[in-house]
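A.B. asks: Sharing a structure with you now.
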Amino acid sequence: MGAGAVSSTEYIDPAPTLSTDVIYPEATLRTLLPEYGYWLGRGMKESVLRELEGGLAPKTERGKLAGRFVLPVRDLQRRISGFTGRLVEPNSFAPSWKHLFKSGKAVYPWHIVGADIKAARTAVLVESAGDLLGCLSHDIKPVLCTWGLNLSGAIISYLVASNVRRVICAPNRDADPRKGQAAAEKWAKKLESFIPEIVIRLPNEPYK
């Protein structure tokens, strides 16, 4: 079997992120296994992973997210509108993260943190699901994921509708903090007409 090959019973889809516009049945979550070792080893709380309905997609299922720790993404009607998945084992031919949803429509995880955002009238914006898990695991509750360096109109609309008065822009600083600083400034520029107080606060270390 050549390099990067997998057996007939184990499978990881090498395709990159797919932008989908699908509503998935709740029964889809039953295929996920309650295996949290990957994230627990990185200091995340099991209670957070469970609350976000995460689980491991088994490689034997041969699905698009097989071999990944999967988190369902819910729309503003609480329907499952997609999934994001992180590889939990080293792999040279597939991307670490894979998303099956339209990131421009996602306000994640509003169904978990919405009450905290409204109560605090504050929101922390981070760019990745890993950063989000880190915040929640350290009891930073009013946090939303932007899914990259762009800030969507859907998130801005949600912040305005939630009467948010303060936004903390905290994108991943990566290996080069100038990239994170530029992203934060871009977010702040988009928000300045809607939010009275905007703070830029990059993490001390890049997320890994």
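Lettering and numbering for the structure tokens are positional, with chains as A, B, ... in the shown order, residues counted from 1 in each chain, and ligands counted from 1 in the shown order.
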Considering only C-alpha atoms, tabulate each residue of range 153-206 of chain A that lies at most 12 Å from range 75-90 of chain A along with its nearest interatomic pair and the corresponding distance in Å to one decimal; arrange the rows by chain and ascending residue number and present them as a tab-separated table.
C.D. replies:
```
residue	atom	partner	partner_atom	distance
A:Ala154	CA	A:Leu76	CA	10.2
A:Ile155	CA	A:Leu76	CA	11.2
A:Ser157	CA	A:Leu76	CA	11.9
A:Tyr158	CA	A:Leu76	CA	9.7
```
A.B. asks: So that I can check the surroundings of range 104-109 of chain A, please list as a short mmCIF file (atom, residue, chain, number, x, y, z; two decimals) with all heavy atoms, in the first residue's frame every protein, DNA and RNA residue that reaches within 10 Å of it, counting only C-alpha atoms and ignoring chain neighbours fewer than 4 positions away.
C.D. replies:
```
data_model
loop_
_atom_site.label_atom_id
_atom_site.label_comp_id
_atom_site.auth_asym_id
_atom_site.auth_seq_id
_atom_site.Cartn_x
_atom_site.Cartn_y
_atom_site.Cartn_z
N SER A 19 -18.48 24.29 0.51
CA SER A 19 -19.53 25.23 0.89
C SER A 19 -20.87 24.61 0.54
O SER A 19 -21.21 24.45 -0.63
CB SER A 19 -19.35 26.55 0.15
OG SER A 19 -20.37 27.46 0.50
N ASP A 21 -25.23 24.13 1.40
CA ASP A 21 -26.42 24.83 1.91
C ASP A 21 -27.49 23.76 2.15
O ASP A 21 -28.46 23.65 1.42
CB ASP A 21 -26.90 25.86 0.89
CG ASP A 21 -27.80 26.91 1.51
OD1 ASP A 21 -28.06 26.81 2.72
OD2 ASP A 21 -28.23 27.82 0.79
N LEU A 52 -21.39 21.32 22.96
CA LEU A 52 -21.39 21.66 21.54
C LEU A 52 -21.75 20.47 20.66
O LEU A 52 -21.72 20.58 19.44
CB LEU A 52 -20.01 22.19 21.14
CG LEU A 52 -19.62 23.55 21.72
CD1 LEU A 52 -18.17 23.88 21.39
CD2 LEU A 52 -20.54 24.64 21.20
N PRO A 72 -21.32 20.05 15.09
CA PRO A 72 -22.42 20.51 14.25
C PRO A 72 -22.59 22.02 14.35
O PRO A 72 -22.37 22.62 15.41
CB PRO A 72 -23.64 19.78 14.83
CG PRO A 72 -23.29 19.56 16.27
CD PRO A 72 -21.79 19.34 16.30
N VAL A 73 -22.96 22.64 13.25
CA VAL A 73 -23.22 24.08 13.19
C VAL A 73 -24.72 24.27 13.02
O VAL A 73 -25.32 23.73 12.09
CB VAL A 73 -22.46 24.73 12.01
CG1 VAL A 73 -22.81 26.22 11.90
CG2 VAL A 73 -20.95 24.54 12.19
N ARG A 74 -25.32 25.03 13.93
CA ARG A 74 -26.77 25.24 13.88
C ARG A 74 -27.10 26.64 13.39
O ARG A 74 -26.42 27.62 13.73
CB ARG A 74 -27.39 25.01 15.26
CG ARG A 74 -27.32 23.55 15.71
CD ARG A 74 -28.10 23.31 16.99
NE ARG A 74 -28.04 21.91 17.37
CZ ARG A 74 -28.90 20.97 16.94
NH1 ARG A 74 -29.89 21.32 16.13
NH2 ARG A 74 -28.79 19.72 17.34
N ASP A 75 -28.16 26.74 12.58
CA ASP A 75 -28.58 28.05 12.08
C ASP A 75 -29.45 28.74 13.12
O ASP A 75 -29.64 28.24 14.23
CB ASP A 75 -29.28 27.91 10.72
CG ASP A 75 -30.60 27.14 10.79
OD1 ASP A 75 -31.15 26.93 11.90
OD2 ASP A 75 -31.10 26.74 9.73
N LEU A 76 -29.99 29.90 12.78
CA LEU A 76 -30.75 30.69 13.75
C LEU A 76 -32.12 30.10 14.05
O LEU A 76 -32.84 30.61 14.90
CB LEU A 76 -30.89 32.13 13.25
CG LEU A 76 -29.56 32.89 13.16
CD1 LEU A 76 -29.78 34.30 12.63
CD2 LEU A 76 -28.85 32.94 14.51
N SER A 81 -27.16 23.05 10.14
CA SER A 81 -26.94 23.56 8.79
C SER A 81 -25.57 23.17 8.23
O SER A 81 -25.22 23.54 7.12
CB SER A 81 -27.08 25.09 8.77
OG SER A 81 -26.17 25.68 9.67
N GLY A 82 -24.80 22.44 9.01
CA GLY A 82 -23.50 22.00 8.53
C GLY A 82 -22.64 21.45 9.66
O GLY A 82 -23.09 21.31 10.80
N VAL A 113 -24.11 30.39 23.40
CA VAL A 113 -23.57 31.59 24.05
C VAL A 113 -24.47 32.81 23.92
O VAL A 113 -24.13 33.88 24.47
CB VAL A 113 -22.18 31.93 23.46
CG1 VAL A 113 -21.23 30.75 23.61
CG2 VAL A 113 -22.28 32.34 21.99
N GLY A 114 -25.58 32.69 23.23
CA GLY A 114 -26.43 33.85 22.99
C GLY A 114 -26.87 34.57 24.25
O GLY A 114 -26.84 35.81 24.32
N ALA A 129 -12.50 27.40 15.17
CA ALA A 129 -13.19 26.58 16.16
C ALA A 129 -12.27 26.19 17.31
O ALA A 129 -12.70 26.07 18.45
CB ALA A 129 -13.76 25.33 15.49
N LEU A 132 -12.19 29.05 19.63
CA LEU A 132 -13.48 29.08 20.32
C LEU A 132 -13.51 28.08 21.47
O LEU A 132 -13.92 28.41 22.59
CB LEU A 132 -14.60 28.78 19.34
CG LEU A 132 -15.99 28.65 19.95
CD1 LEU A 132 -16.68 30.01 20.00
CD2 LEU A 132 -16.84 27.66 19.18
N PRO A 142 -19.05 34.67 26.18
CA PRO A 142 -19.69 35.40 25.08
C PRO A 142 -18.79 35.47 23.84
O PRO A 142 -18.23 36.51 23.49
CB PRO A 142 -19.92 36.79 25.68
CG PRO A 142 -18.82 36.96 26.65
CD PRO A 142 -18.54 35.59 27.21
N VAL A 143 -18.59 34.35 23.17
CA VAL A 143 -17.61 34.27 22.09
C VAL A 143 -18.25 33.69 20.83
O VAL A 143 -19.08 32.78 20.90
CB VAL A 143 -16.40 33.41 22.53
CG1 VAL A 143 -16.84 32.01 22.94
CG2 VAL A 143 -15.33 33.36 21.46
N LEU A 144 -17.88 34.24 19.69
CA LEU A 144 -18.35 33.76 18.39
C LEU A 144 -17.16 33.49 17.48
O LEU A 144 -16.13 34.16 17.56
CB LEU A 144 -19.27 34.80 17.72
CG LEU A 144 -20.60 35.09 18.40
CD1 LEU A 144 -21.29 36.26 17.71
CD2 LEU A 144 -21.51 33.86 18.40
N CYS A 145 -17.33 32.53 16.58
CA CYS A 145 -16.29 32.16 15.63
C CYS A 145 -16.58 32.79 14.27
O CYS A 145 -17.69 32.67 13.75
CB CYS A 145 -16.24 30.64 15.51
SG CYS A 145 -14.97 30.03 14.37
N THR A 146 -15.57 33.44 13.69
CA THR A 146 -15.74 34.07 12.37
C THR A 146 -15.39 33.14 11.22
O THR A 146 -15.62 33.48 10.07
CB THR A 146 -14.85 35.33 12.26
OG1 THR A 146 -13.48 34.93 12.34
CG2 THR A 146 -15.17 36.32 13.37
N TRP A 147 -14.79 31.99 11.51
CA TRP A 147 -14.39 31.01 10.49
C TRP A 147 -13.42 31.61 9.48
O TRP A 147 -13.56 31.45 8.28
CB TRP A 147 -15.62 30.45 9.76
CG TRP A 147 -16.61 29.84 10.67
CD1 TRP A 147 -17.83 30.34 10.99
CD2 TRP A 147 -16.49 28.62 11.42
NE1 TRP A 147 -18.48 29.52 11.89
CE2 TRP A 147 -17.67 28.45 12.17
CE3 TRP A 147 -15.48 27.67 11.53
CZ2 TRP A 147 -17.88 27.37 13.01
CZ3 TRP A 147 -15.68 26.58 12.37
CH2 TRP A 147 -16.87 26.44 13.09
N ASN A 150 -12.34 36.91 7.53
CA ASN A 150 -13.44 37.79 7.12
C ASN A 150 -14.52 37.81 8.20
O ASN A 150 -14.78 36.80 8.84
CB ASN A 150 -14.03 37.34 5.79
CG ASN A 150 -13.07 37.52 4.64
OD1 ASN A 150 -12.38 38.55 4.56
ND2 ASN A 150 -13.00 36.55 3.75
N LEU A 151 -15.14 38.96 8.36
CA LEU A 151 -16.24 39.11 9.31
C LEU A 151 -17.54 39.25 8.52
O LEU A 151 -17.70 40.20 7.76
CB LEU A 151 -16.02 40.33 10.20
CG LEU A 151 -17.09 40.63 11.25
CD1 LEU A 151 -17.23 39.46 12.22
CD2 LEU A 151 -16.75 41.90 12.01
N SER A 152 -18.45 38.30 8.68
CA SER A 152 -19.64 38.24 7.85
C SER A 152 -20.72 39.23 8.30
O SER A 152 -20.79 39.63 9.47
CB SER A 152 -20.23 36.83 7.86
OG SER A 152 -20.79 36.54 9.14
N GLY A 153 -21.58 39.56 7.35
CA GLY A 153 -22.74 40.38 7.67
C GLY A 153 -23.68 39.70 8.64
O GLY A 153 -24.35 40.36 9.44
N ALA A 154 -23.73 38.37 8.60
CA ALA A 154 -24.61 37.61 9.51
C ALA A 154 -24.19 37.83 10.96
O ALA A 154 -25.04 38.01 11.84
CB ALA A 154 -24.57 36.12 9.16
N ILE A 155 -22.89 37.83 11.23
CA ILE A 155 -22.41 38.04 12.60
C ILE A 155 -22.65 39.49 13.02
O ILE A 155 -23.11 39.74 14.15
CB ILE A 155 -20.92 37.68 12.72
CG1 ILE A 155 -20.75 36.15 12.60
CG2 ILE A 155 -20.34 38.17 14.04
CD1 ILE A 155 -19.32 35.68 12.66
N ILE A 156 -22.38 40.43 12.14
CA ILE A 156 -22.62 41.84 12.47
C ILE A 156 -24.09 42.06 12.79
O ILE A 156 -24.44 42.72 13.79
CB ILE A 156 -22.16 42.75 11.33
CG1 ILE A 156 -20.65 42.66 11.15
CG2 ILE A 156 -22.57 44.20 11.61
CD1 ILE A 156 -20.12 43.38 9.93
N SER A 157 -24.97 41.50 11.98
CA SER A 157 -26.41 41.65 12.22
C SER A 157 -26.81 41.05 13.56
O SER A 157 -27.63 41.62 14.29
CB SER A 157 -27.20 40.98 11.09
OG SER A 157 -26.97 41.63 9.87
N TYR A 158 -26.23 39.90 13.90
CA TYR A 158 -26.54 39.26 15.18
C TYR A 158 -26.09 40.12 16.34
O TYR A 158 -26.81 40.27 17.34
CB TYR A 158 -25.88 37.88 15.24
CG TYR A 158 -26.19 37.14 16.52
CD1 TYR A 158 -27.38 36.44 16.67
CD2 TYR A 158 -25.29 37.16 17.59
CE1 TYR A 158 -27.67 35.77 17.85
CE2 TYR A 158 -25.58 36.50 18.76
CZ TYR A 158 -26.77 35.80 18.89
OH TYR A 158 -27.06 35.15 20.07
N LEU A 159 -24.91 40.71 16.24
CA LEU A 159 -24.39 41.56 17.31
C LEU A 159 -25.29 42.78 17.52
O LEU A 159 -25.60 43.16 18.65
CB LEU A 159 -22.97 42.01 16.98
CG LEU A 159 -21.90 40.91 16.90
CD1 LEU A 159 -20.57 41.50 16.43
CD2 LEU A 159 -21.73 40.21 18.23
#
```
A.B. asks: Counting only C-alpha atoms, figure out which residue out of A:Phe93, A:Lys190, A:Asp139, A:Arg201 gets nearest to Ile168 in chain A.
C.D. replies: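 Among A:Phe93, A:Lys190, A:Asp139, A:Arg201, it is A:Arg201 that comes nearest to Ile168 in chain A.
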A.B. asks: Just want the 10 Å neighbourhood of Glu46 in chain A, counted on only C-alpha atoms, with same-chain residues fewer than 6 positions away dropped. Output as a PDB file with N, CA, C and O atoms, in the first residue's frame.
C.D. replies:
```
ATOM      1  N   PRO A  34     -18.426   9.402  21.223  1.00  0.00           N
ATOM      2  CA  PRO A  34     -18.005  10.259  22.339  1.00  0.00           C
ATOM      3  C   PRO A  34     -16.537  10.017  22.710  1.00  0.00           C
ATOM      4  O   PRO A  34     -16.219   9.540  23.799  1.00  0.00           O
ATOM      5  N   GLU A  35     -15.656  10.352  21.782  1.00  0.00           N
ATOM      6  CA  GLU A  35     -14.219  10.188  22.003  1.00  0.00           C
ATOM      7  C   GLU A  35     -13.576  11.577  21.942  1.00  0.00           C
ATOM      8  O   GLU A  35     -13.518  12.201  20.887  1.00  0.00           O
ATOM      9  N   TYR A  36     -13.064  12.050  23.090  1.00  0.00           N
ATOM     10  CA  TYR A  36     -12.626  13.434  23.221  1.00  0.00           C
ATOM     11  C   TYR A  36     -11.130  13.584  23.466  1.00  0.00           C
ATOM     12  O   TYR A  36     -10.655  14.682  23.762  1.00  0.00           O
ATOM     13  N   GLY A  37     -10.382  12.477  23.329  1.00  0.00           N
ATOM     14  CA  GLY A  37      -8.978  12.482  23.702  1.00  0.00           C
ATOM     15  C   GLY A  37      -8.157  13.561  23.021  1.00  0.00           C
ATOM     16  O   GLY A  37      -7.284  14.169  23.649  1.00  0.00           O
ATOM     17  N   TRP A  39      -8.902  16.614  21.985  1.00  0.00           N
ATOM     18  CA  TRP A  39      -9.075  17.950  22.546  1.00  0.00           C
ATOM     19  C   TRP A  39      -8.752  17.993  24.035  1.00  0.00           C
ATOM     20  O   TRP A  39      -8.240  18.997  24.523  1.00  0.00           O
ATOM     21  N   LEU A  40      -9.024  16.905  24.747  1.00  0.00           N
ATOM     22  CA  LEU A  40      -8.664  16.879  26.164  1.00  0.00           C
ATOM     23  C   LEU A  40      -7.154  17.019  26.332  1.00  0.00           C
ATOM     24  O   LEU A  40      -6.679  17.661  27.267  1.00  0.00           O
ATOM     25  N   LEU A  52     -21.393  21.324  22.960  1.00  0.00           N
ATOM     26  CA  LEU A  52     -21.387  21.656  21.544  1.00  0.00           C
ATOM     27  C   LEU A  52     -21.752  20.466  20.661  1.00  0.00           C
ATOM     28  O   LEU A  52     -21.720  20.581  19.436  1.00  0.00           O
ATOM     29  N   GLY A  54     -20.233  17.688  20.094  1.00  0.00           N
ATOM     30  CA  GLY A  54     -19.155  17.166  19.284  1.00  0.00           C
ATOM     31  C   GLY A  54     -18.918  15.683  19.473  1.00  0.00           C
ATOM     32  O   GLY A  54     -19.295  15.085  20.483  1.00  0.00           O
ATOM     33  N   SER A 137     -13.493  26.764  27.157  1.00  0.00           N
ATOM     34  CA  SER A 137     -12.881  25.910  28.180  1.00  0.00           C
ATOM     35  C   SER A 137     -12.244  26.720  29.301  1.00  0.00           C
ATOM     36  O   SER A 137     -11.980  26.193  30.372  1.00  0.00           O
TER      37      SER A 137
END
```
A.B. asks: Would you work out the distance separating CA of Ile112 in chain A from CA of Lys59 in chain A, expressed in Å to one decimal?
C.D. replies: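 Calculated distance between CA of Ile112 in chain A and CA of Lys59 in chain A is 28.3 Å.
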A.B. asks: Just the strand (DSSP E or B) stuff from range 15-189 of chain A, please, per backbone DSSP, written as a PyMOL selection string.
C.D. replies: chain A and resi 18+24+33+55-56+68-74+80-87+97-100+108+122-126+143-145+166-169
A.B. asks: Using only C-alpha atoms, determine which residues lie at most 6 Å from Leu56 in chain A, disregarding the query and same-chain residues fewer than 4 positions distant; provide the list as a PyMOL selection string.
C.D. replies: chain A and resi 32-33+35+68-70
A.B. asks: Could you go through range 1-197 of chain A and tell me which residues DSSP, when run on the backbone, assigns to helix (DSSP H, G or I), listing them as a short mmCIF file (atom, residue, chain, number, x, y, z; two decimals) with N, CA and C atoms, in the first residue's frame?
C.D. replies:
```
data_model
loop_
_atom_site.label_atom_id
_atom_site.label_comp_id
_atom_site.auth_asym_id
_atom_site.auth_seq_id
_atom_site.Cartn_x
_atom_site.Cartn_y
_atom_site.Cartn_z
N GLU A 26 -31.44 15.52 12.66
CA GLU A 26 -30.83 15.37 13.99
C GLU A 26 -30.19 14.00 14.16
N ALA A 27 -30.74 13.01 13.47
CA ALA A 27 -30.21 11.65 13.59
C ALA A 27 -28.76 11.55 13.14
N THR A 28 -28.29 12.52 12.36
CA THR A 28 -26.90 12.52 11.90
C THR A 28 -25.94 12.50 13.08
N LEU A 29 -26.32 13.13 14.18
CA LEU A 29 -25.43 13.22 15.34
C LEU A 29 -25.20 11.87 16.00
N ARG A 30 -26.10 10.92 15.76
CA ARG A 30 -25.96 9.61 16.40
C ARG A 30 -24.76 8.83 15.87
N THR A 31 -24.24 9.22 14.72
CA THR A 31 -23.09 8.51 14.16
C THR A 31 -21.78 8.95 14.81
N GLY A 37 -10.38 12.48 23.33
CA GLY A 37 -8.98 12.48 23.70
C GLY A 37 -8.16 13.56 23.02
N TYR A 38 -8.40 13.81 21.74
CA TYR A 38 -7.60 14.80 21.00
C TYR A 38 -7.68 16.16 21.68
N TRP A 39 -8.90 16.61 21.98
CA TRP A 39 -9.07 17.95 22.55
C TRP A 39 -8.75 17.99 24.04
N LEU A 40 -9.02 16.91 24.75
CA LEU A 40 -8.66 16.88 26.16
C LEU A 40 -7.15 17.02 26.33
N GLU A 46 -14.17 18.56 28.64
CA GLU A 46 -15.13 17.61 28.08
C GLU A 46 -16.54 18.18 28.12
N SER A 47 -16.88 18.93 29.16
CA SER A 47 -18.22 19.49 29.28
C SER A 47 -18.52 20.44 28.11
N VAL A 48 -17.51 21.17 27.65
CA VAL A 48 -17.68 22.08 26.51
C VAL A 48 -17.90 21.28 25.23
N LEU A 49 -17.11 20.24 25.03
CA LEU A 49 -17.23 19.40 23.84
C LEU A 49 -18.60 18.73 23.78
N ARG A 50 -19.09 18.31 24.94
CA ARG A 50 -20.42 17.68 24.97
C ARG A 50 -21.53 18.71 24.71
N GLU A 51 -21.39 19.88 25.31
CA GLU A 51 -22.42 20.91 25.12
C GLU A 51 -22.53 21.32 23.65
N LYS A 59 -13.75 6.47 10.91
CA LYS A 59 -13.20 6.32 9.57
C LYS A 59 -13.90 5.20 8.79
N THR A 60 -14.49 4.27 9.52
CA THR A 60 -15.16 3.16 8.84
C THR A 60 -16.44 3.59 8.13
N GLU A 61 -16.99 4.77 8.48
CA GLU A 61 -18.21 5.25 7.83
C GLU A 61 -17.95 5.83 6.45
N SER A 103 -19.95 29.51 5.55
CA SER A 103 -19.44 30.27 6.68
C SER A 103 -20.04 31.68 6.75
N GLY A 104 -20.42 32.24 5.61
CA GLY A 104 -20.99 33.57 5.61
C GLY A 104 -22.36 33.66 6.26
N LYS A 105 -23.00 32.52 6.46
CA LYS A 105 -24.32 32.49 7.09
C LYS A 105 -24.25 32.08 8.56
N TRP A 110 -24.12 30.49 18.52
CA TRP A 110 -25.09 31.40 19.12
C TRP A 110 -26.04 30.68 20.07
N HIS A 111 -26.41 29.43 19.73
CA HIS A 111 -27.39 28.70 20.54
C HIS A 111 -26.85 28.34 21.92
N ILE A 112 -25.52 28.37 22.07
CA ILE A 112 -24.89 28.08 23.36
C ILE A 112 -24.56 29.37 24.11
N VAL A 113 -24.11 30.39 23.40
CA VAL A 113 -23.57 31.59 24.05
C VAL A 113 -24.47 32.81 23.92
N GLY A 114 -25.58 32.69 23.23
CA GLY A 114 -26.43 33.85 22.99
C GLY A 114 -26.87 34.57 24.25
N ALA A 115 -27.27 33.82 25.26
CA ALA A 115 -27.72 34.44 26.51
C ALA A 115 -26.58 35.19 27.19
N ASP A 116 -25.35 34.64 27.12
CA ASP A 116 -24.19 35.30 27.72
C ASP A 116 -23.86 36.60 26.99
N ILE A 117 -23.96 36.57 25.67
CA ILE A 117 -23.68 37.77 24.88
C ILE A 117 -24.68 38.87 25.22
N LYS A 118 -25.95 38.51 25.29
CA LYS A 118 -26.98 39.52 25.59
C LYS A 118 -26.86 40.04 27.01
N ALA A 119 -26.51 39.18 27.94
CA ALA A 119 -26.39 39.61 29.34
C ALA A 119 -25.19 40.54 29.52
N ALA A 120 -24.07 40.21 28.88
CA ALA A 120 -22.86 41.01 29.02
C ALA A 120 -22.83 42.19 28.06
N ALA A 129 -12.50 27.40 15.17
CA ALA A 129 -13.19 26.58 16.16
C ALA A 129 -12.27 26.19 17.31
N GLY A 130 -10.97 26.01 17.01
CA GLY A 130 -10.02 25.70 18.07
C GLY A 130 -9.89 26.85 19.07
N ASP A 131 -9.83 28.08 18.56
CA ASP A 131 -9.79 29.24 19.44
C ASP A 131 -11.07 29.33 20.26
N LEU A 132 -12.19 29.05 19.63
CA LEU A 132 -13.48 29.08 20.32
C LEU A 132 -13.51 28.08 21.47
N LEU A 133 -13.06 26.86 21.22
CA LEU A 133 -13.03 25.84 22.26
C LEU A 133 -12.14 26.27 23.42
N GLY A 134 -11.02 26.93 23.09
CA GLY A 134 -10.13 27.41 24.13
C GLY A 134 -10.80 28.45 25.02
N CYS A 135 -11.54 29.37 24.39
CA CYS A 135 -12.24 30.40 25.17
C CYS A 135 -13.28 29.76 26.08
N LEU A 136 -14.11 28.91 25.53
CA LEU A 136 -15.17 28.29 26.31
C LEU A 136 -14.60 27.42 27.44
N SER A 137 -13.49 26.76 27.16
CA SER A 137 -12.88 25.91 28.18
C SER A 137 -12.24 26.72 29.30
N GLY A 153 -21.58 39.56 7.35
CA GLY A 153 -22.74 40.38 7.67
C GLY A 153 -23.68 39.70 8.64
N ALA A 154 -23.73 38.37 8.60
CA ALA A 154 -24.61 37.61 9.51
C ALA A 154 -24.19 37.83 10.96
N ILE A 155 -22.89 37.83 11.23
CA ILE A 155 -22.41 38.04 12.60
C ILE A 155 -22.65 39.49 13.02
N ILE A 156 -22.38 40.43 12.14
CA ILE A 156 -22.62 41.84 12.47
C ILE A 156 -24.09 42.06 12.79
N SER A 157 -24.97 41.50 11.98
CA SER A 157 -26.41 41.65 12.22
C SER A 157 -26.81 41.05 13.56
N TYR A 158 -26.23 39.90 13.90
CA TYR A 158 -26.54 39.26 15.18
C TYR A 158 -26.09 40.12 16.34
N LEU A 159 -24.91 40.71 16.24
CA LEU A 159 -24.39 41.56 17.31
C LEU A 159 -25.29 42.78 17.52
N VAL A 160 -25.72 43.37 16.43
CA VAL A 160 -26.60 44.54 16.52
C VAL A 160 -27.94 44.15 17.13
N ALA A 161 -28.51 43.04 16.66
CA ALA A 161 -29.80 42.58 17.18
C ALA A 161 -29.72 42.22 18.65
N PRO A 177 2.40 37.90 14.04
CA PRO A 177 1.31 38.65 14.67
C PRO A 177 0.76 39.77 13.81
N ARG A 178 1.52 40.20 12.78
CA ARG A 178 1.02 41.27 11.91
C ARG A 178 -0.22 40.83 11.15
N LYS A 179 -0.31 39.54 10.85
CA LYS A 179 -1.48 39.02 10.15
C LYS A 179 -2.71 39.12 11.02
N GLY A 180 -2.59 38.74 12.29
CA GLY A 180 -3.71 38.84 13.21
C GLY A 180 -4.10 40.29 13.46
N GLN A 181 -3.11 41.16 13.59
CA GLN A 181 -3.38 42.57 13.82
C GLN A 181 -4.14 43.17 12.63
N ALA A 182 -3.74 42.82 11.42
CA ALA A 182 -4.42 43.33 10.23
C ALA A 182 -5.86 42.85 10.18
N ALA A 183 -6.08 41.57 10.54
CA ALA A 183 -7.45 41.03 10.55
C ALA A 183 -8.30 41.75 11.58
N ALA A 184 -7.74 41.97 12.78
CA ALA A 184 -8.48 42.64 13.84
C ALA A 184 -8.86 44.06 13.43
N GLU A 185 -7.94 44.75 12.79
CA GLU A 185 -8.23 46.11 12.33
C GLU A 185 -9.31 46.12 11.25
N LYS A 186 -9.30 45.11 10.41
CA LYS A 186 -10.33 44.98 9.38
C LYS A 186 -11.70 44.75 10.02
N TRP A 187 -11.75 43.87 11.03
CA TRP A 187 -13.01 43.63 11.74
C TRP A 187 -13.50 44.92 12.40
N ALA A 188 -12.58 45.61 13.06
CA ALA A 188 -12.95 46.84 13.76
C ALA A 188 -13.52 47.86 12.81
N LYS A 189 -12.94 47.97 11.62
CA LYS A 189 -13.43 48.91 10.62
C LYS A 189 -14.86 48.59 10.22
N LYS A 190 -15.16 47.30 10.07
CA LYS A 190 -16.52 46.88 9.71
C LYS A 190 -17.52 47.16 10.82
N LEU A 191 -17.05 47.10 12.05
CA LEU A 191 -17.95 47.21 13.21
C LEU A 191 -18.14 48.64 13.71
#
```
A.B. asks: With distances taken over only C-alpha atoms, which residue among A:Arg62, A:Arg121, A:His99, A:His138 lies nearest Arg165 in chain A?
C.D. replies: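 Using only C-alpha atoms, the shortest distance to Arg165 in chain A belongs to A:Arg121.
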A.B. asks: CA of Pro203 in chain A to CA of Arg166 in chain A: how many Å, to one decimal?
C.D. replies: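 So the answer is 18.0 Å.
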A.B. asks: Please indicate the distance in Å from CA of Thr122 in chain A to CA of Glu192 in chain A, rounded to one decimal place.
C.D. replies: 14.4 Å
